[in-house]
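Notes to accompany the following structure.
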Amino acid sequence: MKVLVIGAGVVGLTTAWYLTKHGHEVTVVERCAGPAMETSFGNAGGVCPAFAGPWAAPGMPLKALKWMFRENAPLKVRPRLDPHQWSWMLRFLANCTASRFAENKARMQMMAHYSKACLVALREEVGIAYDDAANGVLQVFATEEEMAGGVRAAAVLERLEIPHRLVDRDGIATIEPALAASGAPLAGGLHLPDDETGDCRLFCTRLADLLTERGCVFFYDTSVLRLVRSGDRIDRAVTTEGGMQADAYVVACGPFAPSLLGTLDIRLPVYPVKGYSITCEIDLPERAPRSSVMDEHSKVMITRLGTRLRAAGVAEIAGFDGSLRETALAGIRARVRALFPDAADYDASSVWCGFRPMTPDGPARVGPTRFANLFLNAGHGSNGWTQACGTASYLADIISGERPQIEYDGHVQQRQSRTTSARSSI
């Protein structure tokens with residue numbers, strides 16, 4: 001079967017990979033000049049199943065309100081005259097209940113752990129290297145209040161039987177020795193030994209090379225303008241390079257999926273939430289983290305990627321504003337410098353911003369649509385690198401007419417019955 005995948009970020013490329021393994025003839029269309037040049041380009045670098053969960057959580061509305069008055073806050077809402085923004089935020093608030101949080105987190109955890117297993121199997125199968133490491137992730141807490149939140153998180157991990165370890169101030173330095181030189185206040189930490197790290201963009205570029213070797217065709221610098229329907233099927237994709245036809249179509253273009261699907265009256269509840277990162281060469285390896293540190297106080301994640309250090313954070317709900325706001329970058333630099341002084345020349349770092357494709361409840365939208373040959377794999381939010389292999393493998397099974405290895409499909413169907421209308425089934 002001929003399958004057209006729209007998007008060459010980590011979600012689109014892994015979808016192409018598993019479809020190719022099923023024996024399909026795959027074409028990937030990407031509007032940029034190469035793979036992973038947008039959302040997948042500069043993320044935090046963590047493959048973190050233990051962290052997978054929705055941002056919509058009890059207490060988040062109050063935090064967001066407090067952060068409104070801090071210019072360098074971890075989450076910043078910039079209201080716009082945009083009905084899509086307000087609709088998304090209202091749905092986000094509706095999911096900030098304990099019951100919905102628990103339901104959404106369980107689904108995301110299931111997919112995230114399955115996805116990590118798929119990534120490990122892929123890596124072992126083809127020997128792909130992407131500055132990857134399997135040294136775990138350490139979440140650090142600056143205050144006793146934050147530490148209490150870590151204790152509650154540990155209780156959830158215990159119920160889910162996810163390996164973890166709570167440590168005090170002294171215990172932090174046994175896991176990440178460089179933190180002994182930190183001048184930042186630290187109350188304790190939560191170590192997740194099974195989480196991994198790796199350069200998502202490097203993974204994507206090397207996976208694209210492997211796909212090319214296996215016959216996958218790529219069209220870069222090519223935008224899909226619209227999908228043309230014929231009855232209950234998609235007839236063709238209209239692109240800047242002309243019409244393209246396939247037996248099946250997969251929309252995996254992250255934050256840009258809603259505008260494309262809107263031409264079919266499909267309302268995908270995905271909003272672009274901007275994040276920032278800095279990347280720099282490590283000057284003093286002994287002063288840098290061994291693996292990855294998630295700073296709960298600033299929501300900044302700091303990861304060693306080979307000889308480089310990546311620090312990423314901030315969430316701005318402001319539409320497709322691609323400006324590199326200096327106050328946000330300065331906040332990231334200040335926090336990583338406080339935690340790991342002298343590890344690198346942070347002022348000489350390269351900077352980046354990109355758009356996380358966030359759903360209001362957390363889980364990605366993966367599965368069939370009301371069009372018989374149109375499928376979705378979008379809305380992974382900040383969990384794209386963590387969940388890409390899992391959602392791609394799951395969707396490739398569905399398209400191939402095989403039973404998926406996990407029961408994520410029931411989640412899609414339940415969501416359809418709750419949130420769709422005759423005009424906008426997804």
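Residue numbers start at 1 in each chain; chains themselves are named A, B, ... in the order of the structure tokens; ligands are numbered from 1 in the order shown.
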
So that each row is one residue of range 205-255 of chain A with an atom at most 12 Å from range 24-32 of chain A, can you give its shortest atom pair and the distance in Å to one decimal, using only C-alpha atoms, rows by chain and rising number, as a tab-separated table?
residue	atom	partner	partner_atom	distance
A:Ala208	CA	A:Val28	CA	9.8
A:Leu211	CA	A:Val26	CA	9.2
A:Thr212	CA	A:Thr27	CA	10.0
A:Arg214	CA	A:Glu25	CA	9.8
A:Gly215	CA	A:Glu25	CA	7.7
A:Cys216	CA	A:Val26	CA	5.2
A:Val217	CA	A:Thr27	CA	4.7
A:Phe218	CA	A:Val28	CA	4.9
A:Phe219	CA	A:Val29	CA	4.8
A:Tyr220	CA	A:Glu30	CA	4.9
A:Asp221	CA	A:Arg31	CA	4.6
A:Thr222	CA	A:Arg31	CA	4.5
A:Ser223	CA	A:Arg31	CA	4.5
A:Val224	CA	A:Val29	CA	7.5
A:Leu225	CA	A:Arg31	CA	10.2
A:Ala237	CA	A:Val29	CA	10.1
A:Val238	CA	A:Val29	CA	11.2
A:Thr239	CA	A:Val29	CA	8.9
A:Thr240	CA	A:Arg31	CA	9.2
A:Glu241	CA	A:Val29	CA	10.2
A:Gly242	CA	A:Val29	CA	11.8
A:Gly243	CA	A:Val29	CA	11.8
A:Met244	CA	A:Thr27	CA	9.6
A:Gln245	CA	A:Thr27	CA	10.1
A:Ala246	CA	A:Thr27	CA	8.8
A:Asp247	CA	A:Glu25	CA	9.8
A:Ala248	CA	A:Val26	CA	9.7
A:Tyr249	CA	A:Thr27	CA	9.7
A:Val250	CA	A:Val28	CA	9.5
A:Val251	CA	A:Val29	CA	10.1
A:Ala252	CA	A:Val28	CA	10.0
A:Cys253	CA	A:Glu30	CA	8.3
A:Gly254	CA	A:Glu30	CA	11.6

message: Just want the 7 Å neighbourhood of range 182-193 of chain A, counted on only C-alpha atoms, with same-chain residues fewer than 6 positions away dropped. Output as an NGL selection string.
response: :A and (50 or 135-144 or 147 or 150 or 163-169 or 172 or 338-341)

message: Which residues are near Ala36 in chain A? Cut-off 10 Å, only C-alpha atoms, ignore same chain within fewer than 6 positions. Put them as a count of residues only.
response: 16

Each range 27-55 of chain A residue no farther than 9 Å from range 294-309 of chain A, nearest pair in Å, only C-alpha atoms, as CSV:
residue,atom,partner,partner_atom,distance
A:Ala44,CA,A:Met301,CA,6.1
A:Gly45,CA,A:Thr303,CA,6.4
A:Gly46,CA,A:Thr303,CA,7.3

Convert the current residue selection to file output with N, CA and C atoms, as a PDB file, in the first residue's frame.
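Everything below was put into result_7.pdb:
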ATOM      1  N   ALA A  44      14.441  19.253  24.945  1.00  0.00           N
ATOM      2  CA  ALA A  44      15.285  19.070  26.132  1.00  0.00           C
ATOM      3  C   ALA A  44      16.166  17.836  26.060  1.00  0.00           C
ATOM      4  N   GLY A  45      15.830  16.879  25.213  1.00  0.00           N
ATOM      5  CA  GLY A  45      16.676  15.712  25.033  1.00  0.00           C
ATOM      6  C   GLY A  45      16.345  14.536  25.929  1.00  0.00           C
ATOM      7  N   GLY A  46      15.273  14.627  26.699  1.00  0.00           N
ATOM      8  CA  GLY A  46      14.923  13.540  27.603  1.00  0.00           C
ATOM      9  C   GLY A  46      13.897  12.593  27.013  1.00  0.00           C
TER      10      GLY A  46
END

- request: Determine which residues of range 56-239 of chain A DSSP labels as helix (DSSP H, G or I) from the backbone of this structure, then write them out as JSON, numbers by chain.
  value: {"A": [60, 61, 62, 63, 64, 65, 66, 67, 83, 84, 85, 86, 87, 88, 89, 90, 91, 92, 93, 94, 98, 99, 100, 101, 102, 103, 104, 105, 106, 107, 108, 109, 110, 111, 112, 113, 114, 115, 116, 117, 118, 119, 120, 121, 122, 123, 124, 125, 126, 144, 145, 146, 147, 148, 149, 150, 151, 152, 153, 154, 155, 156, 157, 158, 159, 169, 170, 171, 172, 173, 174, 175, 177, 178, 179, 180, 181, 200, 201, 202, 203, 204, 205, 206, 207, 208, 209, 210, 211, 212, 213]}

field: Nearest to Ser291 in chain A by atom-to-atom distance, counting only C-alpha atoms, from A:Pro49, A:Gly322, A:Gly198, A:Pro61
entry: A:Gly198

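Proximity of A:Pro35, A:Gly384, A:Gly59, A:Pro177 to Pro357 in chain A, computed with only C-alpha atoms, is greatest for A:Gly384.
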
Report as an mmCIF file with N, CA and C atoms, in the first residue's frame all protein, DNA and RNA residues lying within 8 Å of Pro58 in chain A, evaluated on only C-alpha atoms, omitting residues in the same chain fewer than 5 positions from it.
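part_3.cif written:
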data_model
loop_
_atom_site.group_PDB
_atom_site.id
_atom_site.type_symbol
_atom_site.label_atom_id
_atom_site.label_comp_id
_atom_site.auth_asym_id
_atom_site.auth_seq_id
_atom_site.Cartn_x
_atom_site.Cartn_y
_atom_site.Cartn_z
ATOM 1 N N CYS A 96 -8.348 20.153 34.469
ATOM 2 C CA CYS A 96 -7.516 20.320 35.667
ATOM 3 C C CYS A 96 -8.214 19.796 36.922
ATOM 4 N N THR A 97 -8.862 18.656 36.793
ATOM 5 C CA THR A 97 -9.488 18.010 37.945
ATOM 6 C C THR A 97 -8.706 16.752 38.287
ATOM 7 N N ALA A 98 -8.837 16.292 39.507
ATOM 8 C CA ALA A 98 -8.084 15.118 39.943
ATOM 9 C C ALA A 98 -8.442 13.885 39.126
ATOM 10 N N PHE A 101 -7.129 14.252 35.480
ATOM 11 C CA PHE A 101 -5.676 14.168 35.498
ATOM 12 C C PHE A 101 -5.237 12.721 35.639
#

- prompt: Which neighbours of Leu374 in chain A fall inside 12 Å, counting only C-alpha atoms, when residues of the same chain fewer than 3 positions from it are skipped, and could you give them as a ChimeraX atom specification?
  reply: /A:3-6,227-230,232-237,246-252,261,264,266,366-371,377,395,398-399,425-426

message: Restricting the calculation to only C-alpha atoms: of A:Ala328, A:Ala318, A:Ala180, A:Cys389, which residue gets closest to Arg123 in chain A?
response: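 For Arg123 in chain A, the nearest of the given residues is A:Cys389.
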
field: strand (DSSP E) residues, from DSSP on the backbone, in range 43-241 of chain A, as a PyMOL selection string
entry: chain A and resi 46-47+75-77+137-141+165-168+188-192+196-197+217-219+224-230+233-239

Could you write out the selected residues, including N, CA and C atoms, as a short mmCIF file (atom, residue, chain, number, x, y, z; two decimals), in the first residue's frame?
data_model
loop_
_atom_site.label_atom_id
_atom_site.label_comp_id
_atom_site.auth_asym_id
_atom_site.auth_seq_id
_atom_site.Cartn_x
_atom_site.Cartn_y
_atom_site.Cartn_z
N GLY A 46 15.27 14.63 26.70
CA GLY A 46 14.92 13.54 27.60
C GLY A 46 13.90 12.59 27.01
N VAL A 47 14.17 11.30 27.10
CA VAL A 47 13.17 10.26 26.81
C VAL A 47 12.71 9.78 28.19
N LEU A 75 5.51 29.22 32.91
CA LEU A 75 4.35 29.21 32.01
C LEU A 75 3.84 30.64 31.87
N LYS A 76 3.68 31.07 30.64
CA LYS A 76 3.25 32.44 30.39
C LYS A 76 2.11 32.44 29.40
N VAL A 77 0.97 32.94 29.81
CA VAL A 77 -0.18 33.07 28.92
C VAL A 77 -0.21 34.49 28.38
N VAL A 137 17.24 10.12 34.95
CA VAL A 137 16.95 11.55 35.09
C VAL A 137 16.74 11.87 36.56
N LEU A 138 17.32 12.97 37.00
CA LEU A 138 17.16 13.42 38.39
C LEU A 138 16.33 14.69 38.42
N GLN A 139 15.21 14.64 39.13
CA GLN A 139 14.38 15.83 39.36
C GLN A 139 14.80 16.43 40.69
N VAL A 140 15.14 17.72 40.69
CA VAL A 140 15.60 18.35 41.92
C VAL A 140 14.59 19.39 42.39
N PHE A 141 14.51 19.54 43.71
CA PHE A 141 13.54 20.43 44.35
C PHE A 141 14.28 21.48 45.17
N ARG A 165 13.67 6.69 43.18
CA ARG A 165 14.31 6.80 44.48
C ARG A 165 14.29 8.26 44.94
N LEU A 166 13.75 8.51 46.11
CA LEU A 166 13.80 9.83 46.71
C LEU A 166 15.12 10.00 47.44
N VAL A 167 15.76 11.16 47.27
CA VAL A 167 17.04 11.41 47.92
C VAL A 167 17.01 12.78 48.60
N ASP A 168 17.85 12.93 49.62
CA ASP A 168 17.95 14.21 50.29
C ASP A 168 19.04 15.06 49.62
N GLY A 188 16.14 18.38 47.94
CA GLY A 188 16.15 16.95 47.70
C GLY A 188 15.88 16.67 46.24
N GLY A 189 15.68 15.39 45.94
CA GLY A 189 15.47 15.03 44.54
C GLY A 189 14.72 13.72 44.39
N LEU A 190 14.31 13.45 43.16
CA LEU A 190 13.63 12.21 42.79
C LEU A 190 14.37 11.64 41.59
N HIS A 191 14.98 10.49 41.77
CA HIS A 191 15.78 9.88 40.70
C HIS A 191 14.95 8.83 39.98
N LEU A 192 14.98 8.91 38.64
CA LEU A 192 14.26 7.99 37.77
C LEU A 192 15.30 7.24 36.94
N GLU A 196 15.91 7.91 29.81
CA GLU A 196 17.06 8.03 28.93
C GLU A 196 17.19 9.45 28.39
N THR A 197 18.30 9.68 27.69
CA THR A 197 18.53 10.96 27.04
C THR A 197 19.05 10.72 25.63
N VAL A 217 10.69 7.64 0.15
CA VAL A 217 10.93 8.82 -0.69
C VAL A 217 10.59 10.08 0.11
N PHE A 218 11.48 11.07 0.07
CA PHE A 218 11.28 12.32 0.80
C PHE A 218 11.12 13.48 -0.17
N PHE A 219 10.15 14.33 0.12
CA PHE A 219 9.99 15.60 -0.59
C PHE A 219 10.16 16.71 0.44
N VAL A 224 2.15 20.89 2.10
CA VAL A 224 0.83 20.38 1.73
C VAL A 224 -0.18 21.49 1.97
N LEU A 225 -0.80 21.94 0.88
CA LEU A 225 -1.72 23.07 0.97
C LEU A 225 -3.10 22.64 1.44
N ARG A 226 -3.55 21.48 0.97
CA ARG A 226 -4.85 20.97 1.40
C ARG A 226 -4.97 19.50 1.00
N LEU A 227 -5.91 18.84 1.65
CA LEU A 227 -6.27 17.47 1.31
C LEU A 227 -7.63 17.50 0.63
N VAL A 228 -7.73 16.84 -0.51
CA VAL A 228 -8.96 16.86 -1.30
C VAL A 228 -9.73 15.58 -1.05
N ARG A 229 -10.97 15.71 -0.66
CA ARG A 229 -11.82 14.56 -0.34
C ARG A 229 -12.62 14.11 -1.55
N SER A 230 -12.98 12.85 -1.54
CA SER A 230 -13.90 12.28 -2.52
C SER A 230 -14.77 11.29 -1.77
N ARG A 233 -13.39 9.39 1.50
CA ARG A 233 -11.96 9.11 1.38
C ARG A 233 -11.21 10.38 0.95
N ILE A 234 -9.90 10.38 1.19
CA ILE A 234 -9.05 11.44 0.67
C ILE A 234 -8.57 11.01 -0.71
N ASP A 235 -8.77 11.88 -1.68
CA ASP A 235 -8.40 11.55 -3.06
C ASP A 235 -6.95 11.91 -3.35
N ARG A 236 -6.50 13.06 -2.83
CA ARG A 236 -5.12 13.48 -3.11
C ARG A 236 -4.72 14.60 -2.16
N ALA A 237 -3.43 14.81 -2.11
CA ALA A 237 -2.87 15.95 -1.37
C ALA A 237 -2.40 16.97 -2.39
N VAL A 238 -2.82 18.20 -2.23
CA VAL A 238 -2.35 19.28 -3.09
C VAL A 238 -1.15 19.93 -2.41
N THR A 239 0.01 19.89 -3.07
CA THR A 239 1.24 20.42 -2.49
C THR A 239 1.82 21.51 -3.38
#

- prompt: In terms of the shortest atom-to-atom distance over only C-alpha atoms, which of A:Ala392, A:Met37, A:Ala315, A:Leu62 is closest to Tyr271 in chain A?
  reply: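 Nearest to Tyr271 in chain A: A:Ala315.
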
field: Among listed residues A:Met108, A:Ala372, A:Ala73, A:Ala64, nearest Leu93 in chain A (using only C-alpha atoms)
entry: A:Ala64

message: So that I can check the surroundings of Glu402 in chain A, please list as a ChimeraX atom specification every protein, DNA and RNA residue that reaches within 12 Å of it, counting only C-alpha atoms and ignoring chain neighbours fewer than 5 positions away.
response: /A:19,22,393-397

Save the residues we just selected, C-alpha atoms, as a PDB file, in the first residue's frame?
ATOM      1  CA  LEU A  19       5.033   1.641   8.046  1.00  0.00           C
ATOM      2  CA  HIS A  22       5.194  -3.390   7.563  1.00  0.00           C
ATOM      3  CA  SER A 393       4.185   1.648  15.993  1.00  0.00           C
ATOM      4  CA  TYR A 394       0.597   1.667  17.237  1.00  0.00           C
ATOM      5  CA  LEU A 395      -0.663   3.595  14.215  1.00  0.00           C
ATOM      6  CA  ALA A 396       1.318   1.491  11.728  1.00  0.00           C
ATOM      7  CA  ASP A 397      -0.377  -1.603  13.130  1.00  0.00           C
TER       8      ASP A 397
END

- prompt: Quick one, how far is CA of Ile175 in chain A from CA of Ile128 in chain A?
  reply: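 Calculated distance between CA of Ile175 in chain A and CA of Ile128 in chain A is 27.1 Å.
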
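The two atoms in question, CA of Tyr346 in chain A and CA of Phe320 in chain A, are spaced 26.6 Å apart.
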